[in-house]
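Structure file my_file-v8.cif with mmCIF, C-alpha atoms:
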```
data_query
loop_
_atom_site.group_PDB
_atom_site.id
_atom_site.type_symbol
_atom_site.label_atom_id
_atom_site.label_comp_id
_atom_site.auth_asym_id
_atom_site.auth_seq_id
_atom_site.Cartn_x
_atom_site.Cartn_y
_atom_site.Cartn_z
ATOM 1 C CA MET A 30 9.247 36.783 62.163
ATOM 2 C CA TRP A 31 9.207 34.675 65.315
ATOM 3 C CA ASN A 32 6.814 34.275 68.238
ATOM 4 C CA TYR A 33 7.793 32.936 71.652
ATOM 5 C CA GLU A 34 5.793 30.149 73.314
ATOM 6 C CA LYS A 35 5.940 30.295 77.088
ATOM 7 C CA ARG A 36 6.692 26.595 77.602
ATOM 8 C CA LEU A 37 9.589 24.149 77.227
ATOM 9 C CA GLN A 38 9.307 21.638 74.377
ATOM 10 C CA TYR A 39 9.769 18.847 76.952
ATOM 11 C CA PRO A 40 9.563 19.424 80.734
ATOM 12 C CA VAL A 41 12.682 20.101 82.828
ATOM 13 C CA ASN A 42 12.147 19.759 86.599
ATOM 14 C CA ILE A 43 15.443 19.141 88.393
ATOM 15 C CA THR A 44 15.296 19.194 92.202
ATOM 16 C CA GLN A 45 18.965 18.357 93.056
ATOM 17 C CA THR A 46 21.700 20.838 92.085
ATOM 18 C CA ASN A 47 24.893 19.461 90.556
ATOM 19 C CA PRO A 48 27.307 22.156 89.332
ATOM 20 C CA GLN A 49 29.824 19.559 88.187
ATOM 21 C CA ILE A 50 27.451 17.974 85.668
ATOM 22 C CA ALA A 51 26.156 21.451 84.690
ATOM 23 C CA GLN A 52 29.685 22.276 83.489
ATOM 24 C CA VAL A 53 29.539 19.257 81.180
ATOM 25 C CA ILE A 54 25.979 19.835 79.887
ATOM 26 C CA ILE A 55 26.682 23.521 79.113
ATOM 27 C CA SER A 56 28.603 22.246 76.068
ATOM 28 C CA GLN A 57 25.255 21.553 74.407
ATOM 29 C CA PHE A 58 24.452 25.287 74.850
ATOM 30 C CA GLY A 59 27.594 26.931 73.458
ATOM 31 C CA GLY A 60 29.904 24.060 72.502
ATOM 32 C CA PRO A 61 31.027 22.881 69.040
ATOM 33 C CA ASP A 62 28.041 20.544 68.553
ATOM 34 C CA GLY A 63 25.602 22.493 70.727
ATOM 35 C CA GLU A 64 22.076 23.712 70.116
ATOM 36 C CA LEU A 65 22.985 27.381 69.537
ATOM 37 C CA SER A 66 25.385 26.326 66.809
ATOM 38 C CA ALA A 67 22.714 24.029 65.321
ATOM 39 C CA SER A 68 20.044 26.724 65.218
ATOM 40 C CA MET A 69 22.335 29.367 63.703
ATOM 41 C CA ARG A 70 23.588 26.865 61.106
ATOM 42 C CA TYR A 71 20.113 25.977 59.773
ATOM 43 C CA ILE A 72 18.666 29.472 60.002
ATOM 44 C CA SER A 73 21.708 30.866 58.137
ATOM 45 C CA GLN A 74 21.680 28.199 55.433
ATOM 46 C CA ARG A 75 17.981 28.406 54.531
ATOM 47 C CA TYR A 76 18.027 31.615 52.433
ATOM 48 C CA THR A 77 19.983 30.177 49.523
ATOM 49 C CA MET A 78 18.799 26.551 49.835
ATOM 50 C CA SER A 79 17.632 25.445 46.377
ATOM 51 C CA ASP A 80 14.331 23.746 47.305
ATOM 52 C CA LYS A 81 11.359 25.318 49.117
ATOM 53 C CA ARG A 82 10.585 22.132 51.032
ATOM 54 C CA VAL A 83 14.163 22.006 52.322
ATOM 55 C CA GLN A 84 13.963 25.715 53.194
ATOM 56 C CA GLY A 85 10.970 24.667 55.307
ATOM 57 C CA VAL A 86 12.937 21.871 56.986
ATOM 58 C CA LEU A 87 15.788 24.300 57.787
ATOM 59 C CA THR A 88 13.347 26.913 59.131
ATOM 60 C CA ASP A 89 11.416 24.476 61.297
ATOM 61 C CA ILE A 90 14.402 22.483 62.616
ATOM 62 C CA GLY A 91 16.306 25.763 63.180
ATOM 63 C CA THR A 92 13.331 26.939 65.230
ATOM 64 C CA GLU A 93 13.161 23.673 67.198
ATOM 65 C CA GLU A 94 16.897 23.960 67.974
ATOM 66 C CA LEU A 95 16.199 27.286 69.712
ATOM 67 C CA ALA A 96 13.715 25.421 71.904
ATOM 68 C CA HIS A 97 16.425 22.807 72.602
ATOM 69 C CA MET A 98 18.846 25.568 73.558
ATOM 70 C CA GLU A 99 16.183 26.763 75.991
ATOM 71 C CA MET A 100 15.863 23.249 77.495
ATOM 72 C CA ILE A 101 19.668 22.926 77.924
ATOM 73 C CA SER A 102 19.751 26.390 79.495
ATOM 74 C CA ALA A 103 16.922 25.405 81.871
ATOM 75 C CA ILE A 104 18.840 22.238 82.843
ATOM 76 C CA VAL A 105 22.059 24.186 83.547
ATOM 77 C CA TYR A 106 20.097 26.854 85.416
ATOM 78 C CA GLN A 107 18.326 24.334 87.652
ATOM 79 C CA LEU A 108 21.565 22.393 88.285
ATOM 80 C CA THR A 109 23.288 25.560 89.546
ATOM 81 C CA LYS A 110 20.408 27.339 91.301
ATOM 82 C CA ASN A 111 21.080 28.901 94.739
ATOM 83 C CA LEU A 112 24.622 27.497 95.071
ATOM 84 C CA SER A 113 26.659 28.581 98.087
ATOM 85 C CA PRO A 114 30.271 29.810 97.677
ATOM 86 C CA GLU A 115 31.406 26.591 99.393
ATOM 87 C CA GLU A 116 29.528 24.397 96.901
ATOM 88 C CA ILE A 117 30.915 26.469 94.014
ATOM 89 C CA LYS A 118 34.476 25.975 95.242
ATOM 90 C CA ALA A 119 34.109 22.267 96.015
ATOM 91 C CA SER A 120 32.574 21.432 92.607
ATOM 92 C CA GLY A 121 35.113 23.294 90.480
ATOM 93 C CA PHE A 122 32.387 25.667 89.244
ATOM 94 C CA ASP A 123 34.495 28.613 90.513
ATOM 95 C CA LYS A 124 36.200 29.199 87.155
ATOM 96 C CA TYR A 125 32.837 29.759 85.428
ATOM 97 C CA TYR A 126 31.327 31.600 88.386
ATOM 98 C CA VAL A 127 34.049 34.233 88.537
ATOM 99 C CA ASP A 128 33.066 35.564 85.085
ATOM 100 C CA HIS A 129 29.336 34.789 84.945
ATOM 101 C CA THR A 130 28.137 34.274 88.553
ATOM 102 C CA LEU A 131 25.171 31.871 88.039
ATOM 103 C CA ALA A 132 24.077 33.329 84.685
ATOM 104 C CA LEU A 133 23.899 31.386 81.415
ATOM 105 C CA TRP A 134 26.682 32.068 78.905
ATOM 106 C CA PRO A 135 27.318 30.021 75.751
ATOM 107 C CA GLN A 136 30.583 28.105 76.090
ATOM 108 C CA ALA A 137 31.927 24.585 75.642
ATOM 109 C CA ALA A 138 32.576 22.344 78.649
ATOM 110 C CA GLY A 139 36.286 23.164 78.356
ATOM 111 C CA GLY A 140 35.568 26.903 78.669
ATOM 112 C CA ILE A 141 35.936 27.795 74.968
ATOM 113 C CA PRO A 142 33.399 30.527 74.083
ATOM 114 C CA PHE A 143 30.703 30.023 71.463
ATOM 115 C CA ASN A 144 32.041 30.791 68.014
ATOM 116 C CA ALA A 145 30.379 30.920 64.574
ATOM 117 C CA CYS A 146 33.371 28.941 63.229
ATOM 118 C CA GLU A 147 31.678 25.911 64.798
ATOM 119 C CA PHE A 148 29.258 25.764 61.860
ATOM 120 C CA GLN A 149 29.309 26.391 58.164
ATOM 121 C CA SER A 150 26.919 27.951 55.677
ATOM 122 C CA LYS A 151 28.603 26.992 52.427
ATOM 123 C CA GLY A 152 26.056 27.922 49.768
ATOM 124 C CA ASP A 153 26.057 24.472 48.124
ATOM 125 C CA SER A 154 22.968 22.362 48.823
ATOM 126 C CA ILE A 155 24.753 18.978 48.966
ATOM 127 C CA THR A 156 27.611 20.342 51.086
ATOM 128 C CA ASP A 157 25.272 22.061 53.537
ATOM 129 C CA LEU A 158 22.990 19.048 53.951
ATOM 130 C CA PHE A 159 25.937 16.715 54.592
ATOM 131 C CA GLU A 160 27.138 19.206 57.210
ATOM 132 C CA ASP A 161 23.662 19.226 58.766
ATOM 133 C CA MET A 162 23.472 15.422 58.894
ATOM 134 C CA ALA A 163 26.958 15.265 60.432
ATOM 135 C CA ALA A 164 25.970 17.938 62.976
ATOM 136 C CA GLU A 165 22.984 15.867 64.127
ATOM 137 C CA GLN A 166 25.204 12.792 64.554
ATOM 138 C CA LYS A 167 27.833 14.780 66.481
ATOM 139 C CA ALA A 168 25.142 16.113 68.816
ATOM 140 C CA ARG A 169 23.789 12.573 69.309
ATOM 141 C CA THR A 170 27.277 11.383 70.319
ATOM 142 C CA THR A 171 27.617 14.319 72.734
ATOM 143 C CA TYR A 172 24.265 13.468 74.364
ATOM 144 C CA GLU A 173 25.358 9.834 74.689
ATOM 145 C CA ASN A 174 28.634 10.978 76.291
ATOM 146 C CA ILE A 175 26.596 13.122 78.704
ATOM 147 C CA LEU A 176 24.254 10.218 79.535
ATOM 148 C CA ARG A 177 27.238 8.045 80.594
ATOM 149 C CA LEU A 178 28.098 10.673 83.215
ATOM 150 C CA VAL A 179 24.576 11.523 84.431
ATOM 151 C CA LYS A 180 23.082 9.427 87.247
ATOM 152 C CA ASP A 181 20.095 11.645 88.155
ATOM 153 C CA PRO A 182 16.941 10.492 86.268
ATOM 154 C CA GLU A 183 15.533 14.041 86.424
ATOM 155 C CA VAL A 184 18.482 15.145 84.268
ATOM 156 C CA ALA A 185 18.752 12.028 82.099
ATOM 157 C CA ASP A 186 15.083 12.137 81.031
ATOM 158 C CA PRO A 187 15.126 15.468 79.117
ATOM 159 C CA ILE A 188 18.644 14.641 77.776
ATOM 160 C CA ARG A 189 17.253 11.397 76.315
ATOM 161 C CA PHE A 190 14.455 13.369 74.643
ATOM 162 C CA LEU A 191 17.030 15.726 73.076
ATOM 163 C CA ARG A 192 19.126 12.753 71.885
ATOM 164 C CA GLU A 193 16.093 11.246 70.147
ATOM 165 C CA ARG A 194 15.367 14.534 68.346
ATOM 166 C CA GLU A 195 18.900 14.437 66.872
ATOM 167 C CA ILE A 196 18.018 11.110 65.260
ATOM 168 C CA VAL A 197 14.704 12.451 63.887
ATOM 169 C CA HIS A 198 16.436 15.556 62.492
ATOM 170 C CA PHE A 199 19.133 13.375 60.869
ATOM 171 C CA GLN A 200 16.360 11.425 59.159
ATOM 172 C CA ARG A 201 14.632 14.607 57.876
ATOM 173 C CA PHE A 202 17.935 16.019 56.559
ATOM 174 C CA GLY A 203 18.609 12.699 54.822
ATOM 175 C CA GLU A 204 15.234 13.010 53.084
ATOM 176 C CA SER A 205 16.049 16.635 52.238
ATOM 177 C CA LEU A 206 19.301 15.531 50.600
ATOM 178 C CA ARG A 207 17.291 13.023 48.566
ATOM 179 C CA LEU A 208 14.882 15.779 47.419
ATOM 180 C CA ILE A 209 17.868 17.862 46.269
ATOM 181 C CA GLN A 210 19.593 14.977 44.501
ATOM 182 C CA ASP A 211 16.372 13.960 42.731
ATOM 183 C CA ASP A 212 16.513 17.347 40.962
ATOM 184 C CA LEU A 213 20.178 16.999 39.947
ATOM 185 C CA ASN A 214 21.961 15.160 37.167
ATOM 186 C CA SER A 215 21.715 11.530 38.295
ATOM 187 C CA LYS A 216 24.973 10.690 36.495
ATOM 188 C CA ASN A 217 26.865 13.493 38.243
ATOM 189 C CA PHE A 218 25.407 15.183 41.346
ATOM 190 C CA TYR A 219 28.299 17.645 41.224
ATOM 191 C CA ALA A 220 27.812 18.810 37.626
ATOM 192 C CA PHE A 221 26.659 22.183 38.957
ATOM 193 C CA ASN A 222 25.805 23.875 42.258
ATOM 194 C CA PRO A 223 22.009 24.387 42.311
ATOM 195 C CA GLN A 224 22.439 27.390 44.642
ATOM 196 C CA PHE A 225 24.755 29.227 42.259
ATOM 197 C CA ASP A 226 25.081 27.913 38.727
ATOM 198 C CA LYS A 227 22.276 28.393 36.222
ATOM 199 C CA CYS A 228 21.928 24.990 34.632
ATOM 200 C CA PRO A 229 18.257 23.985 34.538
ATOM 201 C CA LYS A 230 18.640 21.665 31.514
ATOM 202 C CA CYS A 231 21.566 19.640 32.875
ATOM 203 C CA LYS A 232 19.270 16.687 33.601
ATOM 204 C CA MET B 6 -11.505 47.663 58.598
ATOM 205 C CA MET B 7 -11.982 43.892 58.320
ATOM 206 C CA ASN B 8 -15.486 44.456 56.904
ATOM 207 C CA ILE B 9 -14.075 45.949 53.709
ATOM 208 C CA PRO B 10 -13.046 43.181 51.318
ATOM 209 C CA MET B 11 -9.276 43.186 50.812
ATOM 210 C CA ASN B 12 -7.032 41.663 48.194
ATOM 211 C CA GLN B 13 -4.026 39.562 49.213
ATOM 212 C CA GLN B 14 -1.582 42.485 49.326
ATOM 213 C CA GLN B 15 -3.967 44.638 51.379
ATOM 214 C CA LEU B 16 -4.717 41.838 53.846
ATOM 215 C CA PHE B 17 -0.984 41.074 54.164
ATOM 216 C CA THR B 18 -0.163 44.732 54.844
ATOM 217 C CA TRP B 19 -3.006 44.833 57.381
ATOM 218 C CA ILE B 20 -1.586 41.773 59.181
ATOM 219 C CA ASN B 21 1.856 43.418 59.265
ATOM 220 C CA GLU B 22 0.365 46.564 60.773
ATOM 221 C CA ILE B 23 -1.792 44.945 63.471
ATOM 222 C CA SER B 24 1.008 42.462 64.297
ATOM 223 C CA PHE B 25 3.401 45.347 64.826
ATOM 224 C CA ALA B 26 0.809 47.026 67.078
ATOM 225 C CA CYS B 27 0.804 43.793 69.146
ATOM 226 C CA ASN B 28 4.635 43.526 69.217
ATOM 227 C CA ASP B 29 4.944 47.095 70.388
ATOM 228 C CA ILE B 30 2.239 47.045 73.084
ATOM 229 C CA ILE B 31 3.631 43.737 74.450
ATOM 230 C CA LEU B 32 6.899 45.508 75.291
ATOM 231 C CA TYR B 33 5.014 48.320 77.009
ATOM 232 C CA LEU B 34 2.815 45.878 78.974
ATOM 233 C CA ASP B 35 5.884 43.925 80.153
ATOM 234 C CA THR B 36 6.900 46.978 82.179
ATOM 235 C CA HIS B 37 3.355 48.297 82.822
ATOM 236 C CA PRO B 38 1.410 45.099 83.655
ATOM 237 C CA ASP B 39 -1.488 46.982 85.343
ATOM 238 C CA ASP B 40 -2.255 49.483 82.573
ATOM 239 C CA GLU B 41 -5.866 48.721 81.669
ATOM 240 C CA GLU B 42 -5.947 50.978 78.636
ATOM 241 C CA ALA B 43 -2.894 49.203 77.219
ATOM 242 C CA MET B 44 -4.476 45.811 77.904
ATOM 243 C CA ASN B 45 -7.607 46.823 76.007
ATOM 244 C CA TYR B 46 -5.412 47.975 73.136
ATOM 245 C CA PHE B 47 -3.607 44.590 73.160
ATOM 246 C CA ASN B 48 -6.893 42.618 73.314
ATOM 247 C CA HIS B 49 -8.313 44.607 70.429
ATOM 248 C CA TYR B 50 -5.331 44.084 68.105
ATOM 249 C CA SER B 51 -4.537 40.502 69.085
ATOM 250 C CA GLU B 52 -8.153 39.478 68.342
ATOM 251 C CA MET B 53 -8.008 41.289 64.973
ATOM 252 C CA ARG B 54 -4.695 39.541 64.282
ATOM 253 C CA ARG B 55 -6.164 36.128 65.100
ATOM 254 C CA LYS B 56 -9.081 36.720 62.720
ATOM 255 C CA ALA B 57 -6.921 38.204 59.969
ATOM 256 C CA LEU B 58 -4.442 35.294 60.093
ATOM 257 C CA LYS B 59 -7.346 32.857 59.794
ATOM 258 C CA THR B 60 -8.861 34.766 56.862
ATOM 259 C CA TYR B 61 -5.468 34.933 55.147
ATOM 260 C CA GLU B 62 -4.913 31.197 55.573
ATOM 261 C CA GLU B 63 -8.350 30.384 54.148
ATOM 262 C CA HIS B 64 -7.675 32.373 50.971
ATOM 263 C CA TYR B 65 -3.923 32.416 50.389
ATOM 264 C CA GLY B 66 -2.206 29.887 52.675
ATOM 265 C CA PRO B 67 -0.721 29.915 56.174
ATOM 266 C CA LEU B 68 1.525 32.614 57.703
ATOM 267 C CA THR B 69 1.840 30.860 61.095
ATOM 268 C CA ILE B 70 2.105 27.189 62.021
ATOM 269 C CA ASP B 71 -1.094 27.461 64.095
ATOM 270 C CA THR B 72 -3.013 28.402 60.949
ATOM 271 C CA ALA B 73 -1.276 25.806 58.756
ATOM 272 C CA ALA B 74 -4.177 23.314 58.711
ATOM 273 C CA PRO B 75 -3.824 21.312 55.471
ATOM 274 C CA VAL B 76 -6.282 22.577 52.842
ATOM 275 C CA SER B 77 -7.559 20.073 50.251
ATOM 276 C CA GLY B 78 -4.867 17.558 51.188
ATOM 277 C CA LYS B 79 -1.910 19.878 50.515
ATOM 278 C CA TRP B 80 0.745 21.084 52.991
ATOM 279 C CA TYR B 81 1.223 24.694 51.910
ATOM 280 C CA TRP B 82 3.606 25.608 54.764
ATOM 281 C CA SER B 83 6.722 24.497 52.850
ATOM 282 C CA THR B 84 5.424 24.576 49.285
ATOM 283 C CA GLN B 85 4.599 28.285 49.004
ATOM 284 C CA LYS B 86 7.276 30.983 48.684
ATOM 285 C CA TRP B 87 9.303 31.853 51.808
ATOM 286 C CA PRO B 88 9.341 35.510 52.929
ATOM 287 C CA TRP B 89 12.969 36.171 51.932
ATOM 288 C CA GLU B 90 12.046 35.249 48.340
ATOM 289 C CA GLY B 91 9.847 38.329 48.279
ATOM 290 C CA GLY B 92 6.768 36.143 48.458
ATOM 291 C CA MET B 93 4.225 37.396 50.922
ATOM 292 C CA CYS B 94 3.233 33.870 51.759
#
```
Would you mind writing the file's structure down as structure tokens?
Amino acid sequence: MWNYEKRLQYPVNITQTNPQIAQVIISQFGGPDGELSASMRYISQRYTMSDKRVQGVLTDIGTEELAHMEMISAIVYQLTKNLSPEEIKASGFDKYYVDHTLALWPQAAGGIPFNACEFQSKGDSITDLFEDMAAEQKARTTYENILRLVKDPEVADPIRFLREREIVHFQRFGESLRLIQDDLNSKNFYAFNPQFDKCPKCK
Amino acid sequence: MMNIPMNQQQLFTWINEISFACNDIILYLDTHPDDEEAMNYFNHYSEMRRKALKTYEEHYGPLTIDTAAPVSGKWYWSTQKWPWEGGMC
């Protein structure tokens, strides 16, 4: 069960619209390494994860990713608020606008819609945690790519916060992988899949 | 009802019931923000929920992060069973 908190995890107060940069940042909403993908990945993986502490990490990071999706959405919303048809045309936002007006819709910067194929829930603890660590690094790279294009400090500030959280999450998933491996056969981590095979005495 | 001592299962069921009462009245209040009777109903159940969650945490461990204060140096949030394992805590 979830409860909503009526606040952003980190403040977003953008006073200058910029539909061009909004079209880039929207990738972190519905793109391949975006926050929606991140949240769905962790929340899907947690049921079969073979360690309660790691189930906790997946639950709590999956929850935080929803808050990050909300921050990205707030950034895109504020960057495209009250645009005139002329501004929409001049900025190239017309291709998004024709289908969604100024509403939020999960897509990548290139217009590809959000798709569950952007993440995996494999049912193998080592495989899933490596995917999660890679996902955090891919999101960090995307935020760094965004920061090279953003000049407005009101936009860059919350983006920098989100980038830092990717690094913290990578660290926590690394520790989670260690917790899993500590319970496996130290001579062969792949001797059995702790989410599927029954092999408690393999140590 | 909170005056009658409850076991873990009874208290958990009670929390589910009063929490659902809150979930449901919230939806009604969103579209009827001036309905005083509904607000009293919400106040009544949300206060009971607050107390019940605190009581549950003190005896059996936390159900929400705001009641997850470490007891006797142990972080029960991630070390007790998760709900999809059939555990009620």
For chain A, list the residues within 7 Å of chain B, counting only C-alpha atoms, and write the list as number ranges by chain.
A: 76, 81-82, 85
Between atom CA of Val197 of chain A and atom CA of Gly139 of chain A, what is the distance, to one decimal in Å?
28.1 Å
Would you list the contacts of Gly203 of chain A as a count of residues only, taking every protein, DNA or RNA residue within 12 Å and counting all atoms listed in the file, but skipping same-chain residues closer than 4 positions in sequence?
20
Neighbours of point (-3.9, 34.4, 55.0) within 12 Å, using all atoms listed in the file, written as a ChimeraX atom specification:
/B:11-21,54-74,81-82,93-94
Mind pulling up the distance from atom CA of Ala164 of chain A to atom CA of Ser150 of chain A?
12.4 Å
Quick one: everything within 9 Å of Asp181 of chain A, counting all atoms listed in the file, minus sequence neighbours fewer than 3 positions away in the same chain. Send it as a PDB file with C-alpha atoms, in the coordinates of the input.
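Result file follows (selection30.pdb):
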```
ATOM      1  CA  ILE A  43      15.443  19.141  88.393  1.00  0.00           C
ATOM      2  CA  GLN A  45      18.965  18.357  93.056  1.00  0.00           C
ATOM      3  CA  VAL A 184      18.482  15.145  84.268  1.00  0.00           C
ATOM      4  CA  ALA A 185      18.752  12.028  82.099  1.00  0.00           C
ATOM      5  CA  ASP A 186      15.083  12.137  81.031  1.00  0.00           C
TER       6      ASP A 186
END
```
Run the PyMOL selection byres ((chain A and resi 64) around 10) on the file and write out the hits as an MDAnalysis selection string.
chainID A and resid 56:63 65:70 91 93:101 135 164:165 168 191
Considering all atoms listed in the file, can you say which of A:Met78, A:Leu176, A:Ala145, A:Val127 comes closest to Gln224 of chain A?
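Of all the options, A:Met78 lies closest to Gln224 of chain A.
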Among listed residues A:Leu87, A:Ile55, A:Cys146, A:Ile50, nearest Ser205 of chain A (using all atoms listed in the file)
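Residue with the minimum atom-to-atom distance to Ser205 of chain A: A:Leu87.
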Give as a PyMOL selection string every residue, naming chains and numbers as the document does, that has an atom within 8 Å of (4.7, 39.1, 72.7), counting all atoms listed in the file.
(chain A and resi 32-33) or (chain B and resi 27-28+31-32)
Writer output for current selection, C-alpha atoms, as a PDB file, in the frame of the given file:
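File result.pdb, as written:
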```
ATOM      1  CA  ASN A  32       6.814  34.275  68.238  1.00  0.00           C
ATOM      2  CA  TYR A  33       7.793  32.936  71.652  1.00  0.00           C
TER       3      TYR A  33
ATOM      4  CA  CYS B  27       0.804  43.793  69.146  1.00  0.00           C
ATOM      5  CA  ASN B  28       4.635  43.526  69.217  1.00  0.00           C
ATOM      6  CA  ILE B  31       3.631  43.737  74.450  1.00  0.00           C
ATOM      7  CA  LEU B  32       6.899  45.508  75.291  1.00  0.00           C
TER       8      LEU B  32
END
```
Between atom CA of His129 of chain A and atom CA of Lys180 of chain A, what distance in Å does the model show, to one decimal?
26.2 Å
Step by step, gather every atom of segment 208-211 of chain A that the file lists, find the box along x, y and z that holds them, add 5 Å on each side, and finally give centre and edge lengths in Å to one decimal, as JSON.
```
{"center_x": 17.2, "center_y": 15.9, "center_z": 45.1, "size_x": 14.7, "size_y": 13.9, "size_z": 14.7}
```
Selection in question (the file shown): the PyMOL selection byres ((chain A and resi 219) around 12). Which residues does it include, as a PDB file with C-alpha atoms, in the frame of the given file?
```
ATOM      1  CA  ASP A 153      26.057  24.472  48.124  1.00  0.00           C
ATOM      2  CA  SER A 154      22.968  22.362  48.823  1.00  0.00           C
ATOM      3  CA  ILE A 155      24.753  18.978  48.966  1.00  0.00           C
ATOM      4  CA  THR A 156      27.611  20.342  51.086  1.00  0.00           C
ATOM      5  CA  ILE A 209      17.868  17.862  46.269  1.00  0.00           C
ATOM      6  CA  GLN A 210      19.593  14.977  44.501  1.00  0.00           C
ATOM      7  CA  ASP A 212      16.513  17.347  40.962  1.00  0.00           C
ATOM      8  CA  LEU A 213      20.178  16.999  39.947  1.00  0.00           C
ATOM      9  CA  ASN A 214      21.961  15.160  37.167  1.00  0.00           C
ATOM     10  CA  SER A 215      21.715  11.530  38.295  1.00  0.00           C
ATOM     11  CA  LYS A 216      24.973  10.690  36.495  1.00  0.00           C
ATOM     12  CA  ASN A 217      26.865  13.493  38.243  1.00  0.00           C
ATOM     13  CA  PHE A 218      25.407  15.183  41.346  1.00  0.00           C
ATOM     14  CA  ALA A 220      27.812  18.810  37.626  1.00  0.00           C
ATOM     15  CA  PHE A 221      26.659  22.183  38.957  1.00  0.00           C
ATOM     16  CA  ASN A 222      25.805  23.875  42.258  1.00  0.00           C
ATOM     17  CA  PRO A 223      22.009  24.387  42.311  1.00  0.00           C
ATOM     18  CA  GLN A 224      22.439  27.390  44.642  1.00  0.00           C
ATOM     19  CA  ASP A 226      25.081  27.913  38.727  1.00  0.00           C
ATOM     20  CA  CYS A 228      21.928  24.990  34.632  1.00  0.00           C
ATOM     21  CA  CYS A 231      21.566  19.640  32.875  1.00  0.00           C
ATOM     22  CA  LYS A 232      19.270  16.687  33.601  1.00  0.00           C
TER      23      LYS A 232
END
```
Point out the residue among A:Ser73, A:Leu108, A:Lys167, A:Asn42 with the least atom-to-atom distance to Thr92 of chain A, counting only C-alpha atoms.
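So, comparing all the options, the nearest one is A:Ser73.
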Report the residues retrieved by the PyMOL selection byres ((chain A and resi 109-111) around 6) from the displayed file, expressed as number ranges by chain.
A: 46, 48, 106-108, 112
Using the partial input, fill out segment 75-86 of chain A with N, CA, C and O atoms; write the result as a PDB file, in the coordinates of the input.
```
ATOM      1  N   ARG A  75      19.261  28.590  55.230  1.00  0.00           N
ATOM      2  CA  ARG A  75      17.981  28.406  54.531  1.00  0.00           C
ATOM      3  C   ARG A  75      17.763  29.392  53.388  1.00  0.00           C
ATOM      4  O   ARG A  75      17.068  29.068  52.427  1.00  0.00           O
ATOM      5  N   TYR A  76      18.338  30.592  53.441  1.00  0.00           N
ATOM      6  CA  TYR A  76      18.027  31.615  52.433  1.00  0.00           C
ATOM      7  C   TYR A  76      18.375  31.165  51.028  1.00  0.00           C
ATOM      8  O   TYR A  76      17.613  31.376  50.096  1.00  0.00           O
ATOM      9  N   THR A  77      19.536  30.553  50.866  1.00  0.00           N
ATOM     10  CA  THR A  77      19.983  30.177  49.523  1.00  0.00           C
ATOM     11  C   THR A  77      19.703  28.713  49.193  1.00  0.00           C
ATOM     12  O   THR A  77      20.052  28.258  48.105  1.00  0.00           O
ATOM     13  N   MET A  78      19.098  27.962  50.110  1.00  0.00           N
ATOM     14  CA  MET A  78      18.799  26.551  49.835  1.00  0.00           C
ATOM     15  C   MET A  78      17.914  26.453  48.590  1.00  0.00           C
ATOM     16  O   MET A  78      17.000  27.247  48.407  1.00  0.00           O
ATOM     17  N   SER A  79      18.209  25.453  47.725  1.00  0.00           N
ATOM     18  CA  SER A  79      17.632  25.445  46.377  1.00  0.00           C
ATOM     19  C   SER A  79      16.281  24.745  46.264  1.00  0.00           C
ATOM     20  O   SER A  79      15.821  24.493  45.169  1.00  0.00           O
ATOM     21  N   ASP A  80      15.637  24.413  47.373  1.00  0.00           N
ATOM     22  CA  ASP A  80      14.331  23.746  47.305  1.00  0.00           C
ATOM     23  C   ASP A  80      13.471  24.290  48.444  1.00  0.00           C
ATOM     24  O   ASP A  80      13.914  24.331  49.593  1.00  0.00           O
ATOM     25  N   LYS A  81      12.243  24.704  48.105  1.00  0.00           N
ATOM     26  CA  LYS A  81      11.359  25.318  49.117  1.00  0.00           C
ATOM     27  C   LYS A  81      11.070  24.380  50.275  1.00  0.00           C
ATOM     28  O   LYS A  81      10.988  24.799  51.424  1.00  0.00           O
ATOM     29  N   ARG A  82      10.896  23.094  49.967  1.00  0.00           N
ATOM     30  CA  ARG A  82      10.585  22.132  51.032  1.00  0.00           C
ATOM     31  C   ARG A  82      11.759  22.030  52.006  1.00  0.00           C
ATOM     32  O   ARG A  82      11.576  21.922  53.220  1.00  0.00           O
ATOM     33  N   VAL A  83      12.971  22.083  51.463  1.00  0.00           N
ATOM     34  CA  VAL A  83      14.163  22.006  52.322  1.00  0.00           C
ATOM     35  C   VAL A  83      14.355  23.326  53.085  1.00  0.00           C
ATOM     36  O   VAL A  83      14.798  23.326  54.231  1.00  0.00           O
ATOM     37  N   GLN A  84      13.968  24.445  52.452  1.00  0.00           N
ATOM     38  CA  GLN A  84      13.963  25.715  53.194  1.00  0.00           C
ATOM     39  C   GLN A  84      13.027  25.605  54.394  1.00  0.00           C
ATOM     40  O   GLN A  84      13.310  26.124  55.478  1.00  0.00           O
ATOM     41  N   GLY A  85      11.910  24.900  54.211  1.00  0.00           N
ATOM     42  CA  GLY A  85      10.970  24.667  55.307  1.00  0.00           C
ATOM     43  C   GLY A  85      11.586  23.817  56.402  1.00  0.00           C
ATOM     44  O   GLY A  85      11.458  24.123  57.589  1.00  0.00           O
ATOM     45  N   VAL A  86      12.282  22.747  55.999  1.00  0.00           N
ATOM     46  CA  VAL A  86      12.937  21.871  56.986  1.00  0.00           C
ATOM     47  C   VAL A  86      13.956  22.679  57.791  1.00  0.00           C
ATOM     48  O   VAL A  86      14.005  22.595  59.026  1.00  0.00           O
TER      49      VAL A  86
END
```
